[in-house]
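J.: Sending over a structure as structure tokens; questions will come in a sec.
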Amino acid sequence: MNVTYHPLGDQAVLIHFRQEVSSEVLAEVQCLKNEIQQEQPDWLYEAVPAYASLAVHYDLTKLLHKEDPYQYVVSFLKEKAVNVNQDAGFEQRTVKIPVCYGGELGPDLEEVAQHAGVSADEVIKRHQNGDYTVYMLGFAPGFPYIGGLDPSIAAPRKDNPRTAIPAGSVGIAGKQTGVYSIETPGGWQIIGRTPEKLFDLNREESFLLRAGDRIEFYAITDKEFEEWQT
Amino acid sequence: MMKVVEPGLLSSIQDNGRRGHQESGMIISGVMDIFSMRIANHLVGNAEDEAVLEITLTGPTIEFQEDQLIAICGADFSATIDDKPAPLWRPVVVKEGSTLHMKFSKVGCRGVIAVGGGFDVPKVLGSKSTYLRAKIGGYEGRGLEKEDILSIGERSSRSQEIFEKVDQTPIDWSVSGAYTNHIYNRSVMRVIPGKQYDDFTKDSRACFFEQDYKISKRSDRMGFRLDGENLECGLNGDMLSEGVAFGTVQVPADGQPIILLADRQTLGGYPKIGQVASVDLPALIQKKPGEAISFEEISIQEAQQLFKQREKEWQELKRMIEMKLEGLDG
């Protein structure tokens with residue numbers, strides 16, 4: 001595994017992988033993260049994956065007896081990187097997300113269609129046919145950065161961001177698609193909404209998605225959307 | 001119970017933060033001044049990371065509906081209890097019916113109030129910290145407002161013991177300024193070079209360590225925006241988002257640095273020129289908008305040695321507080 005190690009301040013190590021957004025690097029990041037978390041040393045707070053990096057946060061108060069705590073953690077991580085069995089891969093789930101496209105729930109569907117030069121129905125079809133992977137979560141609790149959008153329906157962000165986009169809104173921004181996990185301001189083109197909650201504190205698993213998950217969007221009707229919610 | 005008469009500018013319940021969920025996009029939050037939190041909690045017999053009330057620039061006015069043991073640490077808000085000056089950095093018993101009143105902070109920007117027994121709010125994903133933007137944790141997910149009623153948890157036996165001692169014989173000592181001053185009286189922040197440090201131009205790297213930077217008015221718990229010389233990075237917009245930490249100094253395209261603080265996002269997409277050493281974060285977060293800071297380069301090893309030293313001092317201070325409380329020291 002070809003990675004480099006850097007201090008992220010005095011209580012974290014940043015591991016850099018090949019700097020690209022790809023399924024290969026995603027797998028490397030996930031495999032190393034799993035390997036590190038398996039042992040659960042008492043000084044490990046958490047390992048935070050991103051597109052092509054892993055930030056390993058540690059509790060320095062637990063490492064005060066080490067001569068050089070940073071080097072100690074790096075040595076530990078290097079050992080893990082050697083042990084990673086990449087061929088075994090990592091558990092990749094497929095999560096199906098229902099979307100009610102267009103209408104009030106997807107006010108920008110027509111704009112996206114016009115931009116792509118196709119019909120609204122064609123946008124809906126192409127959006128469901130994407131080959132989607134969650135690369136990382138960030139920006140808000142449970143908010144996924146999803147790769148794999150059909151580039152023919154890519155669309156620029158709105159000129160004037162909305163002040164409040166409801167949770168569950170499915171949008172397109174540039175070559176990305178995403179789902180809002182909480183209500184927040186935002187400039188994405190909203191093409192529909194899912195009744196599924198990406199973030200729900202009342203659920204045992206508060207976060208629906210994990211980095212590495214594959215996503216399948218499928219269309220539901222207004223009526224099905226209503227029923228889902230009740 | 002305590003009743004909020006005036007909430008102050010921003011008063012929120014914070015502990016050591018919500019850890020372990022950054023991979024799901026959940027920010028850590030938590031208290032800005034960890035140093036004050038630990039001392040205040042220790043003074044009232046709580047666990048070091050029990051939730052405290054963090055107050056900002058202008059403090060609250062609080063009416064006590066039962067006797068409580070409190071400690072106020074951090075910035076000086078000219079606190080009074082029933083119009084008499086309230087001491088800082090020591091355990092204080094506040095009687096039922098009394099009113100704690102705080103004003104604008106004279107020195108420093110943030111304070112904490114710890115209460116023996118802690119604030120009785122539910123833990124959300126393992127923490128009592130308030131995550132303001134997502135309306136999660138703390139008191140109903142928000143900063144305090146007028147008429148809020150805060151419930152206090154049951155005092156531990158340690159906390160009860162201190163309560164009774166202080167209630168019977170008012171104490172005349174505080175955690176010494178000699179101890180706190182060298183931590184807070186700093187405007188030179190020691191910085192470990194960041195991952196993208198070498199991608200900045202030679203001039204910008206020099207400038208970062210030579211020029212003063214002013215804390216902008218557009219600063220909050222998420223981060224301090226700085227006003228000063230522009231810093232240029234060759235990476236300009238060509239960087240994948242990656243993990244950040246408390247004290248990360250990142251530089252967006254406009255060239256003005258931002259120091260990420262307690263409510264930082266989990267990931268950042270701007271080049272990191274440096275990282276403020278943990279030991280200097282309490283001094284940093286006490287700066288008010290308009291105040292100037294500068295940066296001094298240190299190595300990761302130096303930063304961790306300073307941290308070790310600070311922990312050693314903290315253990316000594318804890319022993320001293322315990323001796324004082326036992327009355328062994330007269």
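Residues are referred to by chain and number: the chain letter is A, B, ... according to the order shown in the structure tokens, the number counts from 1 in that chain, and ligands are numbered separately from 1 in the order shown.
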Skipping near chain neighbours, those fewer than 6 positions away, what residues fall within 6 Å of range 130-141 of chain A using only C-alpha atoms, listed as a ChimeraX atom specification?

T.: /A:50-51,147-150,211-215 /B:24-26

J.: Would you mind exporting C-alpha atoms of the selected residues as a tab-separated table (two decimals), in the first residue's frame?

T.:
chain	number	residue	atom	x	y	z
A	50	ALA	CA	-12.15	10.96	2.85
A	51	TYR	CA	-11.74	10.52	-0.94
A	147	GLY	CA	-19.90	9.47	-7.37
A	148	GLY	CA	-21.22	7.87	-10.55
A	149	LEU	CA	-23.72	10.36	-11.96
A	150	ASP	CA	-24.37	10.05	-15.71
A	211	ALA	CA	-18.45	5.30	2.89
A	212	GLY	CA	-18.09	2.51	0.35
A	213	ASP	CA	-21.83	1.79	0.03
A	214	ARG	CA	-23.36	1.38	-3.42
A	215	ILE	CA	-26.62	3.21	-4.01
B	24	SER	CA	-20.60	9.83	9.26
B	25	GLY	CA	-20.22	13.58	8.88
B	26	MET	CA	-21.06	14.32	12.52

J.: Write out as a PyMOL selection string every residue belonging to chain A that has an atom at most 10 Å from any atom of chain B, counting only C-alpha atoms.

T.: chain A and resi 5-16+19-21+44-57+60-61+63-65+67-71+136-144+182-184+199+201+206-211

J.: To one decimal in Å, tell me the separation between CA of Pro107 in chain A and CA of Tyr145 in chain A.

T.: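 Taking CA of Pro107 in chain A and CA of Tyr145 in chain A, their separation equals 21.5 Å.
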
J.: Which neighbours of Ala262 in chain B fall inside 8 Å, counting only C-alpha atoms, when residues of the same chain fewer than 5 positions from it are skipped, and could you give them as a short mmCIF file (atom, residue, chain, number, x, y, z; two decimals) with all heavy atoms, in the first residue's frame?

T.:
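Listing of around10.cif after writing:
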data_model
loop_
_atom_site.label_atom_id
_atom_site.label_comp_id
_atom_site.auth_asym_id
_atom_site.auth_seq_id
_atom_site.Cartn_x
_atom_site.Cartn_y
_atom_site.Cartn_z
N ILE B 28 -17.59 17.26 15.88
CA ILE B 28 -17.29 16.94 17.27
C ILE B 28 -17.96 17.93 18.24
O ILE B 28 -18.43 17.55 19.29
CB ILE B 28 -15.76 16.90 17.49
CG1 ILE B 28 -15.20 15.67 16.75
CG2 ILE B 28 -15.43 16.81 18.97
CD1 ILE B 28 -13.72 15.48 16.91
N SER B 29 -18.04 19.20 17.88
CA SER B 29 -18.52 20.25 18.79
C SER B 29 -17.67 20.24 20.06
O SER B 29 -16.50 19.97 20.01
CB SER B 29 -20.01 20.09 19.13
OG SER B 29 -20.76 19.85 17.99
N GLY B 30 -18.29 20.47 21.21
CA GLY B 30 -17.54 20.46 22.47
C GLY B 30 -17.09 21.84 22.89
O GLY B 30 -17.22 22.82 22.15
N VAL B 31 -16.54 21.91 24.11
CA VAL B 31 -16.17 23.19 24.69
C VAL B 31 -14.98 23.78 23.92
O VAL B 31 -14.13 23.03 23.41
CB VAL B 31 -15.85 23.00 26.19
CG1 VAL B 31 -14.51 22.33 26.39
CG2 VAL B 31 -15.93 24.30 26.96
N MET B 32 -14.91 25.10 23.81
CA MET B 32 -13.79 25.74 23.12
C MET B 32 -12.55 25.72 24.01
O MET B 32 -11.45 25.49 23.55
CB MET B 32 -14.15 27.18 22.77
CG MET B 32 -15.20 27.29 21.70
SD MET B 32 -14.53 27.19 20.02
CE MET B 32 -14.29 28.94 19.69
N ARG B 221 -17.77 29.78 16.70
CA ARG B 221 -17.29 28.51 17.24
C ARG B 221 -16.75 27.59 16.15
O ARG B 221 -16.01 26.66 16.40
CB ARG B 221 -18.43 27.80 18.00
CG ARG B 221 -18.65 28.32 19.42
CD ARG B 221 -19.79 27.56 20.10
NE ARG B 221 -19.73 26.15 19.89
CZ ARG B 221 -19.03 25.30 20.67
NH1 ARG B 221 -18.39 25.73 21.73
NH2 ARG B 221 -19.01 24.02 20.38
N MET B 222 -17.16 27.83 14.91
CA MET B 222 -16.68 27.01 13.80
C MET B 222 -15.24 27.34 13.45
O MET B 222 -14.44 26.46 13.19
CB MET B 222 -17.57 27.29 12.60
CG MET B 222 -17.89 26.11 11.77
SD MET B 222 -19.15 26.58 10.57
CE MET B 222 -18.61 25.55 9.25
N GLY B 223 -14.93 28.64 13.46
CA GLY B 223 -13.58 29.01 13.10
C GLY B 223 -13.31 30.49 13.27
O GLY B 223 -14.25 31.30 13.31
N PHE B 246 -9.02 20.36 15.41
CA PHE B 246 -9.14 21.59 16.21
C PHE B 246 -7.80 22.34 16.08
O PHE B 246 -6.77 21.81 16.45
CB PHE B 246 -9.40 21.20 17.67
CG PHE B 246 -9.99 22.30 18.53
CD1 PHE B 246 -10.72 21.96 19.66
CD2 PHE B 246 -9.83 23.64 18.23
CE1 PHE B 246 -11.28 22.94 20.48
CE2 PHE B 246 -10.39 24.63 19.03
CZ PHE B 246 -11.11 24.27 20.16
#

J.: Range 40-256 of chain B: which residues are alpha helix (DSSP H) by DSSP, as JSON, numbers by chain?

T.: {"B": [40, 41, 42, 43, 157, 158, 159, 160, 161, 162, 163, 164, 165, 166, 167, 168, 177, 178, 179, 180, 181, 182, 183, 184, 202, 203, 204, 205, 206, 207, 208, 209, 210]}

J.: Run DSSP on the backbone of this structure and report the residues of range 22-218 of chain A it assigns to strand (DSSP E), as JSON, numbers by chain.

T.: {"A": [44, 45, 46, 47, 48, 49, 50, 53, 54, 55, 56, 57, 58, 94, 95, 96, 97, 98, 99, 100, 101, 132, 133, 134, 135, 136, 137, 144, 145, 146, 147, 162, 163, 164, 165, 169, 170, 171, 172, 173, 176, 177, 178, 179, 184, 185, 186, 189, 190, 191, 192, 193, 214, 215, 216, 217, 218]}

J.: Considering only C-alpha atoms, return as a PyMOL selection string whatever protein or nucleic-acid residues lie within 8 Å of Val115 in chain B, sequence-local ones (same chain, fewer than 5 positions apart) excluded.

T.: chain B and resi 41+44+52+68-71+152

J.: Keeping only N, CA, C and O atoms, write those residues as a PDB file, in the first residue's frame.

T.:
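Heads up, here's the output in selection18.pdb:
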ATOM      1  N   ASN B  41     -14.557  21.727  36.366  1.00  0.00           N
ATOM      2  CA  ASN B  41     -15.162  20.463  36.797  1.00  0.00           C
ATOM      3  C   ASN B  41     -14.447  19.891  38.011  1.00  0.00           C
ATOM      4  O   ASN B  41     -15.075  19.385  38.937  1.00  0.00           O
ATOM      5  N   VAL B  44     -15.451  21.429  41.332  1.00  0.00           N
ATOM      6  CA  VAL B  44     -16.758  21.078  41.904  1.00  0.00           C
ATOM      7  C   VAL B  44     -16.933  19.564  42.047  1.00  0.00           C
ATOM      8  O   VAL B  44     -18.033  19.081  42.311  1.00  0.00           O
ATOM      9  N   VAL B  52     -20.299  21.546  30.807  1.00  0.00           N
ATOM     10  CA  VAL B  52     -20.330  22.846  31.472  1.00  0.00           C
ATOM     11  C   VAL B  52     -21.146  23.811  30.611  1.00  0.00           C
ATOM     12  O   VAL B  52     -21.490  23.496  29.470  1.00  0.00           O
ATOM     13  N   GLN B  68     -26.540  25.378  45.021  1.00  0.00           N
ATOM     14  CA  GLN B  68     -25.666  24.694  44.063  1.00  0.00           C
ATOM     15  C   GLN B  68     -24.206  25.016  44.344  1.00  0.00           C
ATOM     16  O   GLN B  68     -23.882  26.087  44.868  1.00  0.00           O
ATOM     17  N   LEU B  69     -23.361  24.065  43.942  1.00  0.00           N
ATOM     18  CA  LEU B  69     -21.912  24.271  44.002  1.00  0.00           C
ATOM     19  C   LEU B  69     -21.448  24.569  42.582  1.00  0.00           C
ATOM     20  O   LEU B  69     -21.677  23.763  41.674  1.00  0.00           O
ATOM     21  N   ILE B  70     -20.841  25.737  42.390  1.00  0.00           N
ATOM     22  CA  ILE B  70     -20.405  26.079  41.034  1.00  0.00           C
ATOM     23  C   ILE B  70     -18.938  26.519  41.020  1.00  0.00           C
ATOM     24  O   ILE B  70     -18.361  26.837  42.065  1.00  0.00           O
ATOM     25  N   ALA B  71     -18.349  26.534  39.829  1.00  0.00           N
ATOM     26  CA  ALA B  71     -17.037  27.156  39.624  1.00  0.00           C
ATOM     27  C   ALA B  71     -17.071  27.858  38.279  1.00  0.00           C
ATOM     28  O   ALA B  71     -17.542  27.306  37.284  1.00  0.00           O
ATOM     29  N   ILE B 152     -30.235  20.150  37.130  1.00  0.00           N
ATOM     30  CA  ILE B 152     -28.874  19.778  37.527  1.00  0.00           C
ATOM     31  C   ILE B 152     -28.889  18.334  38.010  1.00  0.00           C
ATOM     32  O   ILE B 152     -29.820  17.918  38.720  1.00  0.00           O
TER      33      ILE B 152
END
